[in-house]
Amino acid sequence: MYLIFTSRKTNNPLHAISLGASGTGKTHLQSKVAELIPEEDKIEITVLSANAFYYFNRTELANKLILIEDLDGAESVLYPLRELQSKKRITKTVVHKNHKGESKTIHLTVEGPVCVAGCTTQESIYEDNSNRSFLLYIDESQEQDQRIMNYQRLSSAGKLNKEDEEETQEFIRNVQRVLKPIKVINPFAEYLELPQSVFKPRRTNSHYLQFIEAITFYKQYQRQEQVNKETGEIFIETEIEDIQEANELIHEVLLRKSDELNGATRNYLENVKDYLEQKGNIRFTASEIRRKLRIKKTTQWRYHKQLLDSFLLIIDKKKSESVIYYKLNNSNEYKELQNTIQNALAKCVNEINVCGDLQRSNVPACSTTKTERKTTSKSIS
């Protein structure tokens, strides 16, 4: 999330939507990470009318971080937000009366780009916005609950150094202030391919490349500035370690974007798998899962409908039984998907390393197309 917020200073900012059940700390997490961004670079919104965006000064929102506490309370502004995300500007035509009372048509234009972040419990309702954003699912595990509660206890006991925390936050804010606009070039971009399992690959591929650029941008003082001899433009280049870091951080995001289930249903299914593994069972009833996971019947019914439609859950009821039993169609499907994505990302890095070794060995440089790369490898062998 911090790197996404940092991307506001680039020409192609990223966006984030935090998803999770009510009371899991979505808004708190977003606000705490946003504390690392200078006040002058962010705008926090609780309620905003549909027309309000059009009355900002022309460049007032440019390269700003827009924080929306709850997307459910900002439905009226989602359309102009989407336009700002995609087109980087919004325009509205209105009638304006001058001092003589004469009507005149004027254009109200507000320019971006902007970085938008928001929180919601309802994943499916904001599909158009989520397609433009990184979907960040809140960790709702018991282990995370314990970590949070332990922190709360230490804070209440006065055992946390709040001054150190504030000093660290101020230091990071100052780091943000010294970041300057600079072009990032990724010389390895042609070797980066997403797993075929990813839905909406065109937009996701763009997000992946922009995320790598955001990491390079953040490390701009660790990169040597270069000059384009033709245009005189200064730029920095992505290094392999930036791609490796991006792959580690984006793995879960790509996994969710490759999953046919929404986040809540996936979490439910994985909890059911853990329960069955502990019990050593392959069949279960809806009621025993409700008791174990402490969820409502209507919520479980919604999960089961999606799982049955996806053929990940099947009904296993015998004629002699009065109770409906369920069983999983494939308990390893999520691990297989994880491995597919992990292997695809690792393959890209390995290919880049091989190309780098060939170049360092004075062998003809790696080609820019798969066909040429195959031809080169055959001639070498």
# chains A, B, ... in the order shown; residues from 1 in each chain; ligands from 1

$ residues_around --residues "range 278-290 of chain A" --least-positions-apart "4" --cutoff "10 Å" --atoms "only C-alpha atoms" --output "list in words"
Tyr268, Asn271, Val272, Lys273, Asp274, Arg294, Ile295, Lys296, Lys297, Thr299, Gln300, Trp301, His304, Ile314, Ile315, Asp316, Lys317, Val323, Ile324, Tyr325, Tyr326, Lys327, Leu328, Asn329 and Ser331 of chain A

$ select_by_dssp --residues "range 110-278 of chain A" --states "strand (DSSP E or B)" --output "number ranges by chain"
A: 110-111, 114-120, 134-137, 183-185, 226-227, 234-237

$ closest_residue --among "A:Glu35, A:Glu336, A:Glu252, A:Glu321" --to "Ile138 in chain A" --atoms "only C-alpha atoms"
A:Glu252

$ closest_residue --among "A:Ile66, A:Asn205, A:Gly73, A:Ala52" --to "Ile90 in chain A" --atoms "only C-alpha atoms"
A:Ala52

$ select_by_dssp --residues "range 135-320 of chain A" --states "helix (DSSP H, G or I)" --output "ChimeraX atom specification"
/A:142-156,162-178,189-191,201-218,220-222,240-258,263-279,286-293,297-309

$ residues_around --residues "Val227 in chain A" --least-positions-apart "2" --cutoff "12 Å" --atoms "only C-alpha atoms" --output "list in words"
Ile182, Lys183, Val184, Ile185, Gln224, Glu225, Lys229, Glu230, Thr231, Gly232, Glu233, Ile234, Phe235, Ile236 and Glu237 of chain A

$ write_last_selection --atoms "N, CA and C atoms" --output "CSV table (one decimal), in the first residue's frame"
chain,number,residue,atom,x,y,z
A,182,ILE,N,10.8,11.7,-12.2
A,182,ILE,CA,11.9,11.3,-13.1
A,182,ILE,C,11.3,10.1,-13.9
A,183,LYS,N,11.7,10.0,-15.1
A,183,LYS,CA,11.3,8.9,-16.0
A,183,LYS,C,11.9,7.6,-15.6
A,184,VAL,N,11.2,6.5,-15.6
A,184,VAL,CA,11.7,5.2,-15.3
A,184,VAL,C,11.6,4.3,-16.5
A,185,ILE,N,12.7,3.7,-16.9
A,185,ILE,CA,12.7,2.7,-18.0
A,185,ILE,C,13.0,1.4,-17.5
A,224,GLN,N,21.6,5.2,-10.9
A,224,GLN,CA,22.4,6.2,-11.6
A,224,GLN,C,21.5,6.8,-12.6
A,225,GLU,N,21.5,8.1,-12.6
A,225,GLU,CA,20.8,8.9,-13.6
A,225,GLU,C,21.5,8.8,-15.0
A,229,LYS,N,20.4,10.5,-25.3
A,229,LYS,CA,21.2,11.3,-26.1
A,229,LYS,C,20.4,12.0,-27.2
A,230,GLU,N,19.2,11.5,-27.6
A,230,GLU,CA,18.4,12.1,-28.6
A,230,GLU,C,17.6,13.2,-28.1
A,231,THR,N,17.0,13.0,-26.9
A,231,THR,CA,16.0,14.0,-26.4
A,231,THR,C,16.6,14.8,-25.2
A,232,GLY,N,17.7,14.3,-24.6
A,232,GLY,CA,18.2,15.0,-23.5
A,232,GLY,C,17.5,14.7,-22.2
A,233,GLU,N,16.5,13.8,-22.2
A,233,GLU,CA,15.7,13.5,-21.0
A,233,GLU,C,16.5,12.6,-20.1
A,234,ILE,N,16.4,13.0,-18.8
A,234,ILE,CA,17.0,12.2,-17.7
A,234,ILE,C,16.1,11.0,-17.3
A,235,PHE,N,16.7,9.9,-17.1
A,235,PHE,CA,15.9,8.7,-16.7
A,235,PHE,C,16.8,7.8,-15.8
A,236,ILE,N,16.1,6.9,-15.1
A,236,ILE,CA,16.7,5.8,-14.4
A,236,ILE,C,16.2,4.5,-14.9
A,237,GLU,N,17.0,3.4,-14.6
A,237,GLU,CA,16.6,2.1,-15.1
A,237,GLU,C,16.2,1.1,-14.0

$ atom_distance --atom1 "CA of Leu345 in chain A" --atom2 "CA of Asn247 in chain A"
6.5 Å

$ residues_around --residues "Cys119 in chain A" --least-positions-apart "4" --cutoff "10 Å" --atoms "only C-alpha atoms" --output "NGL selection string"
:A and (16-20 or 25-30 or 67-72 or 123 or 135-136)

$ write_last_selection --atoms "C-alpha atoms" --output "short mmCIF file (atom, residue, chain, number, x, y, z; two decimals), in the first residue's frame"
data_model
loop_
_atom_site.label_atom_id
_atom_site.label_comp_id
_atom_site.auth_asym_id
_atom_site.auth_seq_id
_atom_site.Cartn_x
_atom_site.Cartn_y
_atom_site.Cartn_z
CA ALA A 16 -5.87 0.50 -4.11
CA ILE A 17 -9.10 -0.84 -2.66
CA SER A 18 -8.95 -2.47 0.79
CA LEU A 19 -11.47 -5.25 1.27
CA GLY A 20 -12.57 -7.07 4.40
CA GLY A 25 -9.48 -2.49 10.46
CA LYS A 26 -9.56 -1.58 6.77
CA THR A 27 -9.94 2.15 7.32
CA HIS A 28 -7.47 2.12 10.22
CA LEU A 29 -4.83 0.42 8.08
CA GLN A 30 -5.35 2.86 5.23
CA LEU A 67 -8.32 8.76 0.44
CA ILE A 68 -11.93 7.61 0.73
CA GLU A 69 -12.82 6.16 4.11
CA ASP A 70 -15.82 4.18 2.89
CA LEU A 71 -16.70 3.66 -0.76
CA ASP A 72 -20.28 2.90 0.30
CA GLU A 123 -16.30 -6.45 -3.49
CA LEU A 135 -7.32 -5.32 -4.39
CA LEU A 136 -5.81 -5.59 -0.91
#

$ residues_around --residues "Tyr303 in chain A" --least-positions-apart "6" --cutoff "10 Å" --atoms "only C-alpha atoms" --output "list in words"
Leu261, Asn262, Ala264, Thr265, Arg266, Asn267, Tyr268, Leu269 and Lys297 of chain A

$ write_last_selection --atoms "N, CA and C atoms" --output "PDB file, in the first residue's frame"
ATOM      1  N   LEU A 261     -13.170 -17.055  -7.473  1.00  0.00           N
ATOM      2  CA  LEU A 261     -13.971 -16.722  -6.296  1.00  0.00           C
ATOM      3  C   LEU A 261     -13.631 -15.320  -5.806  1.00  0.00           C
ATOM      4  N   ASN A 262     -14.607 -14.665  -5.176  1.00  0.00           N
ATOM      5  CA  ASN A 262     -14.284 -13.391  -4.537  1.00  0.00           C
ATOM      6  C   ASN A 262     -13.544 -13.655  -3.226  1.00  0.00           C
ATOM      7  N   ALA A 264     -14.080 -13.042   0.023  1.00  0.00           N
ATOM      8  CA  ALA A 264     -14.781 -13.595   1.184  1.00  0.00           C
ATOM      9  C   ALA A 264     -15.066 -15.082   1.002  1.00  0.00           C
ATOM     10  N   THR A 265     -15.499 -15.467  -0.202  1.00  0.00           N
ATOM     11  CA  THR A 265     -15.791 -16.876  -0.463  1.00  0.00           C
ATOM     12  C   THR A 265     -14.521 -17.705  -0.424  1.00  0.00           C
ATOM     13  N   ARG A 266     -13.430 -17.151  -0.949  1.00  0.00           N
ATOM     14  CA  ARG A 266     -12.157 -17.879  -0.902  1.00  0.00           C
ATOM     15  C   ARG A 266     -11.702 -18.096   0.532  1.00  0.00           C
ATOM     16  N   ASN A 267     -11.808 -17.077   1.373  1.00  0.00           N
ATOM     17  CA  ASN A 267     -11.425 -17.232   2.776  1.00  0.00           C
ATOM     18  C   ASN A 267     -12.272 -18.294   3.457  1.00  0.00           C
ATOM     19  N   TYR A 268     -13.560 -18.310   3.155  1.00  0.00           N
ATOM     20  CA  TYR A 268     -14.454 -19.323   3.725  1.00  0.00           C
ATOM     21  C   TYR A 268     -14.023 -20.719   3.292  1.00  0.00           C
ATOM     22  N   LEU A 269     -13.748 -20.889   1.999  1.00  0.00           N
ATOM     23  CA  LEU A 269     -13.366 -22.206   1.490  1.00  0.00           C
ATOM     24  C   LEU A 269     -12.063 -22.689   2.113  1.00  0.00           C
ATOM     25  N   LYS A 297     -26.267 -17.916   8.684  1.00  0.00           N
ATOM     26  CA  LYS A 297     -26.768 -18.881   7.713  1.00  0.00           C
ATOM     27  C   LYS A 297     -26.892 -18.259   6.329  1.00  0.00           C
TER      28      LYS A 297
END

$ closest_residue --among "A:Lys292, A:Arg302, A:Lys32, A:His96" --to "Gln169 in chain A" --atoms "only C-alpha atoms"
A:Lys32

$ closest_residue --among "A:Val110, A:Ala21, A:Ile352, A:Leu312" --to "Ser141 in chain A" --atoms "only C-alpha atoms"
A:Ala21

$ residues_around --residues "Ile341 in chain A" --least-positions-apart "6" --cutoff "12 Å" --atoms "only C-alpha atoms" --output "list in words"
Glu193, Leu194, Pro195, Gln196, Ser197, Val198, Asn247, Glu248, Ile250, His251, Glu252, Val253, Leu254, Leu255, Arg256, Lys257, Ser258, Asp259, Tyr334, Lys335, Lys347 and Cys348 of chain A

$ write_last_selection --atoms "N, CA and C atoms" --output "compact mmCIF listing (two decimals), in the first residue's frame"
# COMPACT_ATOMS: atom_id res chain seq x y z
N GLU A 193 6.10 -11.73 -18.34
CA GLU A 193 4.80 -12.22 -18.79
C GLU A 193 3.99 -12.69 -17.59
N LEU A 194 2.72 -12.34 -17.59
CA LEU A 194 1.83 -12.77 -16.51
C LEU A 194 1.40 -14.22 -16.73
N PRO A 195 1.04 -14.91 -15.64
CA PRO A 195 0.47 -16.25 -15.78
C PRO A 195 -0.82 -16.19 -16.61
N GLN A 196 -1.07 -17.22 -17.39
CA GLN A 196 -2.25 -17.24 -18.24
C GLN A 196 -3.54 -17.32 -17.42
N SER A 197 -3.42 -17.69 -16.16
CA SER A 197 -4.61 -17.83 -15.31
C SER A 197 -5.19 -16.49 -14.88
N VAL A 198 -4.47 -15.40 -15.07
CA VAL A 198 -4.92 -14.09 -14.60
C VAL A 198 -6.09 -13.60 -15.44
N ASN A 247 7.72 -9.04 -7.49
CA ASN A 247 7.11 -10.36 -7.55
C ASN A 247 6.71 -10.87 -6.17
N GLU A 248 7.55 -10.60 -5.18
CA GLU A 248 7.23 -11.02 -3.81
C GLU A 248 6.01 -10.29 -3.28
N ILE A 250 3.63 -8.63 -5.08
CA ILE A 250 2.42 -8.67 -5.90
C ILE A 250 1.86 -10.07 -6.05
N HIS A 251 2.55 -11.05 -5.52
CA HIS A 251 2.11 -12.44 -5.69
C HIS A 251 0.68 -12.65 -5.21
N GLU A 252 0.36 -12.14 -4.03
CA GLU A 252 -0.98 -12.33 -3.48
C GLU A 252 -2.02 -11.59 -4.31
N VAL A 253 -1.66 -10.43 -4.84
CA VAL A 253 -2.60 -9.67 -5.67
C VAL A 253 -2.90 -10.42 -6.96
N LEU A 254 -1.86 -10.97 -7.59
CA LEU A 254 -2.07 -11.75 -8.82
C LEU A 254 -2.87 -13.01 -8.53
N LEU A 255 -2.64 -13.58 -7.36
CA LEU A 255 -3.39 -14.78 -6.97
C LEU A 255 -4.87 -14.47 -6.88
N ARG A 256 -5.21 -13.36 -6.27
CA ARG A 256 -6.62 -12.97 -6.14
C ARG A 256 -7.22 -12.63 -7.51
N LYS A 257 -6.41 -12.01 -8.38
CA LYS A 257 -6.92 -11.66 -9.71
C LYS A 257 -7.03 -12.88 -10.63
N SER A 258 -6.46 -14.01 -10.20
CA SER A 258 -6.57 -15.24 -10.97
C SER A 258 -7.65 -16.16 -10.42
N ASP A 259 -8.19 -15.80 -9.29
CA ASP A 259 -9.16 -16.65 -8.59
C ASP A 259 -10.57 -16.35 -9.08
N TYR A 334 -6.35 -24.43 -5.00
CA TYR A 334 -5.75 -23.14 -4.68
C TYR A 334 -4.23 -23.23 -4.62
N LYS A 335 -3.72 -24.33 -4.08
CA LYS A 335 -2.27 -24.53 -4.05
C LYS A 335 -1.71 -24.66 -5.46
N LYS A 347 10.00 -17.85 -13.61
CA LYS A 347 10.48 -18.08 -14.97
C LYS A 347 10.93 -16.78 -15.62
N CYS A 348 10.18 -15.72 -15.39
CA CYS A 348 10.55 -14.42 -15.96
C CYS A 348 11.91 -13.96 -15.44

$ decode --residues "range 31-58 of chain A" --atoms "N, CA and C atoms" --output "PDB file, in the first residue's frame"
ATOM      1  N   SER A  31      -5.522   4.594   6.923  1.00  0.00           N
ATOM      2  CA  SER A  31      -5.176   5.885   7.528  1.00  0.00           C
ATOM      3  C   SER A  31      -3.774   5.867   8.135  1.00  0.00           C
ATOM      4  N   LYS A  32      -3.368   4.720   8.711  1.00  0.00           N
ATOM      5  CA  LYS A  32      -2.030   4.633   9.310  1.00  0.00           C
ATOM      6  C   LYS A  32      -0.944   4.681   8.233  1.00  0.00           C
ATOM      7  N   VAL A  33      -1.170   3.986   7.119  1.00  0.00           N
ATOM      8  CA  VAL A  33      -0.192   4.057   6.026  1.00  0.00           C
ATOM      9  C   VAL A  33      -0.173   5.463   5.436  1.00  0.00           C
ATOM     10  N   ALA A  34      -1.348   6.091   5.357  1.00  0.00           N
ATOM     11  CA  ALA A  34      -1.437   7.451   4.809  1.00  0.00           C
ATOM     12  C   ALA A  34      -0.722   8.466   5.694  1.00  0.00           C
ATOM     13  N   GLU A  35      -0.519   8.149   6.968  1.00  0.00           N
ATOM     14  CA  GLU A  35       0.219   9.051   7.851  1.00  0.00           C
ATOM     15  C   GLU A  35       1.675   9.197   7.412  1.00  0.00           C
ATOM     16  N   LEU A  36       2.145   8.278   6.576  1.00  0.00           N
ATOM     17  CA  LEU A  36       3.514   8.344   6.077  1.00  0.00           C
ATOM     18  C   LEU A  36       3.633   9.252   4.856  1.00  0.00           C
ATOM     19  N   ILE A  37       2.504   9.763   4.394  1.00  0.00           N
ATOM     20  CA  ILE A  37       2.478  10.664   3.243  1.00  0.00           C
ATOM     21  C   ILE A  37       2.318  12.097   3.745  1.00  0.00           C
ATOM     22  N   PRO A  38       3.088  13.047   3.225  1.00  0.00           N
ATOM     23  CA  PRO A  38       2.968  14.445   3.678  1.00  0.00           C
ATOM     24  C   PRO A  38       1.545  14.972   3.533  1.00  0.00           C
ATOM     25  N   GLU A  39       1.135  15.811   4.466  1.00  0.00           N
ATOM     26  CA  GLU A  39      -0.220  16.359   4.464  1.00  0.00           C
ATOM     27  C   GLU A  39      -0.535  17.104   3.173  1.00  0.00           C
ATOM     28  N   GLU A  40       0.459  17.786   2.630  1.00  0.00           N
ATOM     29  CA  GLU A  40       0.213  18.585   1.424  1.00  0.00           C
ATOM     30  C   GLU A  40      -0.001  17.728   0.175  1.00  0.00           C
ATOM     31  N   ASP A  41       0.248  16.428   0.301  1.00  0.00           N
ATOM     32  CA  ASP A  41       0.125  15.546  -0.865  1.00  0.00           C
ATOM     33  C   ASP A  41      -1.102  14.646  -0.818  1.00  0.00           C
ATOM     34  N   LYS A  42      -1.984  14.853   0.145  1.00  0.00           N
ATOM     35  CA  LYS A  42      -3.135  13.947   0.249  1.00  0.00           C
ATOM     36  C   LYS A  42      -4.404  14.716   0.577  1.00  0.00           C
ATOM     37  N   ILE A  43      -5.524  14.132   0.180  1.00  0.00           N
ATOM     38  CA  ILE A  43      -6.849  14.679   0.459  1.00  0.00           C
ATOM     39  C   ILE A  43      -7.702  13.545   1.011  1.00  0.00           C
ATOM     40  N   GLU A  44      -8.190  13.704   2.229  1.00  0.00           N
ATOM     41  CA  GLU A  44      -9.023  12.675   2.850  1.00  0.00           C
ATOM     42  C   GLU A  44     -10.487  13.063   2.720  1.00  0.00           C
ATOM     43  N   ILE A  45     -11.289  12.111   2.254  1.00  0.00           N
ATOM     44  CA  ILE A  45     -12.695  12.377   1.964  1.00  0.00           C
ATOM     45  C   ILE A  45     -13.587  11.442   2.771  1.00  0.00           C
ATOM     46  N   THR A  46     -14.556  12.024   3.459  1.00  0.00           N
ATOM     47  CA  THR A  46     -15.583  11.234   4.134  1.00  0.00           C
ATOM     48  C   THR A  46     -16.870  11.258   3.320  1.00  0.00           C
ATOM     49  N   VAL A  47     -17.336  12.458   2.982  1.00  0.00           N
ATOM     50  CA  VAL A  47     -18.525  12.629   2.142  1.00  0.00           C
ATOM     51  C   VAL A  47     -18.203  13.679   1.085  1.00  0.00           C
ATOM     52  N   LEU A  48     -18.608  13.409  -0.148  1.00  0.00           N
ATOM     53  CA  LEU A  48     -18.342  14.339  -1.241  1.00  0.00           C
ATOM     54  C   LEU A  48     -19.475  14.240  -2.247  1.00  0.00           C
ATOM     55  N   SER A  49     -19.978  15.374  -2.706  1.00  0.00           N
ATOM     56  CA  SER A  49     -21.064  15.359  -3.691  1.00  0.00           C
ATOM     57  C   SER A  49     -20.510  15.045  -5.076  1.00  0.00           C
ATOM     58  N   ALA A  50     -21.411  14.672  -5.983  1.00  0.00           N
ATOM     59  CA  ALA A  50     -20.996  14.260  -7.322  1.00  0.00           C
ATOM     60  C   ALA A  50     -20.316  15.387  -8.089  1.00  0.00           C
ATOM     61  N   ASN A  51     -20.755  16.633  -7.867  1.00  0.00           N
ATOM     62  CA  ASN A  51     -20.216  17.762  -8.621  1.00  0.00           C
ATOM     63  C   ASN A  51     -18.980  18.387  -7.987  1.00  0.00           C
ATOM     64  N   ALA A  52     -18.678  18.001  -6.752  1.00  0.00           N
ATOM     65  CA  ALA A  52     -17.600  18.673  -6.023  1.00  0.00           C
ATOM     66  C   ALA A  52     -16.249  18.551  -6.726  1.00  0.00           C
ATOM     67  N   PHE A  53     -15.995  17.410  -7.353  1.00  0.00           N
ATOM     68  CA  PHE A  53     -14.701  17.202  -8.000  1.00  0.00           C
ATOM     69  C   PHE A  53     -14.439  18.218  -9.108  1.00  0.00           C
ATOM     70  N   TYR A  54     -15.494  18.670  -9.762  1.00  0.00           N
ATOM     71  CA  TYR A  54     -15.321  19.561 -10.911  1.00  0.00           C
ATOM     72  C   TYR A  54     -14.982  20.992 -10.499  1.00  0.00           C
ATOM     73  N   TYR A  55     -15.080  21.299  -9.201  1.00  0.00           N
ATOM     74  CA  TYR A  55     -14.843  22.668  -8.750  1.00  0.00           C
ATOM     75  C   TYR A  55     -13.508  22.831  -8.023  1.00  0.00           C
ATOM     76  N   PHE A  56     -12.668  21.805  -8.080  1.00  0.00           N
ATOM     77  CA  PHE A  56     -11.287  21.994  -7.648  1.00  0.00           C
ATOM     78  C   PHE A  56     -10.572  22.860  -8.690  1.00  0.00           C
ATOM     79  N   ASN A  57      -9.521  23.534  -8.274  1.00  0.00           N
ATOM     80  CA  ASN A  57      -8.704  24.259  -9.241  1.00  0.00           C
ATOM     81  C   ASN A  57      -8.117  23.278 -10.251  1.00  0.00           C
ATOM     82  N   ARG A  58      -7.783  23.769 -11.408  1.00  0.00           N
ATOM     83  CA  ARG A  58      -7.400  22.904 -12.529  1.00  0.00           C
ATOM     84  C   ARG A  58      -6.328  21.878 -12.156  1.00  0.00           C
TER      85      ARG A  58
END
